[in-house]
Amino acid sequence: VLVLVLNFQIRIRVKGKTPNYCMSENQYHLAIGFCKIYLYFDDATEFRSFVKEGKYNGDSRCIFFKNDGDLRRSWEGLRLWPKFCKFVDEEVQARQELNCEHAVSQAFADDVTWLLHIDADELFHCPDTTVEEHFSKLSADGVTVMNYVNHEGVPETCDVANFFDEVTLFKRSLAALPLQGDKTAMREALDFWSLRSLHGQYFIGYENGKSAVAVVEGAAPLSVHEWAPPTLSTACILHYIACGFEWWQRKYCLLGSFADSWFGGALPIPPSFHLQSRDLLQAGDLGKAKAFYAEMVVLDNQMEVSKQ
């Protein structure tokens with residue numbers, strides 16, 4: 001039995017409505033072989049909107065957890081609670097890790113064999129085999145943790161409604177680039193993105209992948225990305241980060257004027273697209289923000305698309 005753990009830490013609304021991308025994500029993962037989906041809503045009121053607007057069709061394979069008193073009391077009994085108790089009200093990542101450990105306990109109760117934790121703007125893509133065959137082989141080979149590279153979605157226009165349906169271009173993970181072949185073309189493609197960024201970034205989001213874990217005694221997250229040291233596979237995470245100007249704008253408006261570090265200054269955020277996005281949208285100049293987004297994120301030059 002395979003379970004997907006989805007953290008809805010930021011529920012994004014565009015033009016006043018909850019988008020249907022979350023429903024398509026659930027349907028996709030159930031269709032490719034995941035038997036259950038645990039959905040964690042950071043805003044306890046959002047689940048009511050989720051149901052009211054028809055994003056949930058009563059499928060018993062989708063199990064919901066809301067950030068309410070019941071879930072928080074469950075966190076207090078987890079091994080990670082002493083580490084994160086001071087940060088649960090301010091830090092999204094603290095709540096995500098607690099949700100992951102909570103999901104392990106739930107998975108034991110549901111007789112689940114594997115857990116995969118991803119965010120609401122991500123899909124698990126397994127092109128070479130079925131999901132069932134993939135995880136069955138891992139179990140047969142004695143693997144208990146698998147780390148997957150993530151490729152980053154590139155919108156080809158500012159206006160994107162459902163990024164899962166509309167975005168087909170991806171920046172490939174550096175770990176997945178071929179060692180053989182035309183190095184000049186590869187270098188040009190990498191430089192193209194690095195030179196667009198003030199901070200020389202290739203990806204504008206994370207680059208270290210996401211992990212799945214076998215539900216065994218002692219399974220616990222090491223971070224929001226890892227359960228254990230990484231191992232590569234052709235299966236990967238497709239990350240639709242910032243795909244569509246309104247999605248990006250709403251995300252950073254919701255995040256607000258966050259600090260330059262995580263966990264009370266213990267983990268500084270380096271100069272990056274993340275901080276630039278915060279500063280631009282806090283400044284309130286929509287034209288400047290849209291120009292920045294178009295320059296840093298969108299690739300609408302079809303000749304360059306063909307090179308990538």
# chains A, B, ... in the order shown; residues from 1 in each chain; ligands from 1
>>> residues_around(residues="A:Arg61", least_positions_apart="4", cutoff="7 Å", atoms="only C-alpha atoms", output="PyMOL selection string")
chain A and resi 35-37
>>> residues_around(residues="stretch 120-130 of chain A", least_positions_apart="4", cutoff="6 Å", atoms="only C-alpha atoms", output="list in words")
Phe8, Ala235, Cys236, Ile237, Leu238, His239 and Tyr240 of chain A
>>> residues_around(residues="stretch 248-258 of chain A", least_positions_apart="6", cutoff="7 Å", atoms="only C-alpha atoms", output="number ranges by chain")
A: 12, 242, 277-278, 281-282
>>> closest_residue(among="A:Leu98, A:Val160, A:Val88, A:Val143", to="A:Val298", atoms="only C-alpha atoms")
A:Val160
>>> closest_residue(among="A:Val167, A:Leu280, A:Leu299, A:Cys100", to="A:Cys243", atoms="only C-alpha atoms")
A:Val167
>>> closest_residue(among="A:Leu138, A:Ile269, A:Met303, A:Ala220", to="A:Glu97", atoms="only C-alpha atoms")
A:Ala220
>>> atom_distance(atom1="atom CA of A:Ala214", atom2="atom CA of A:Thr113")
5.7 Å
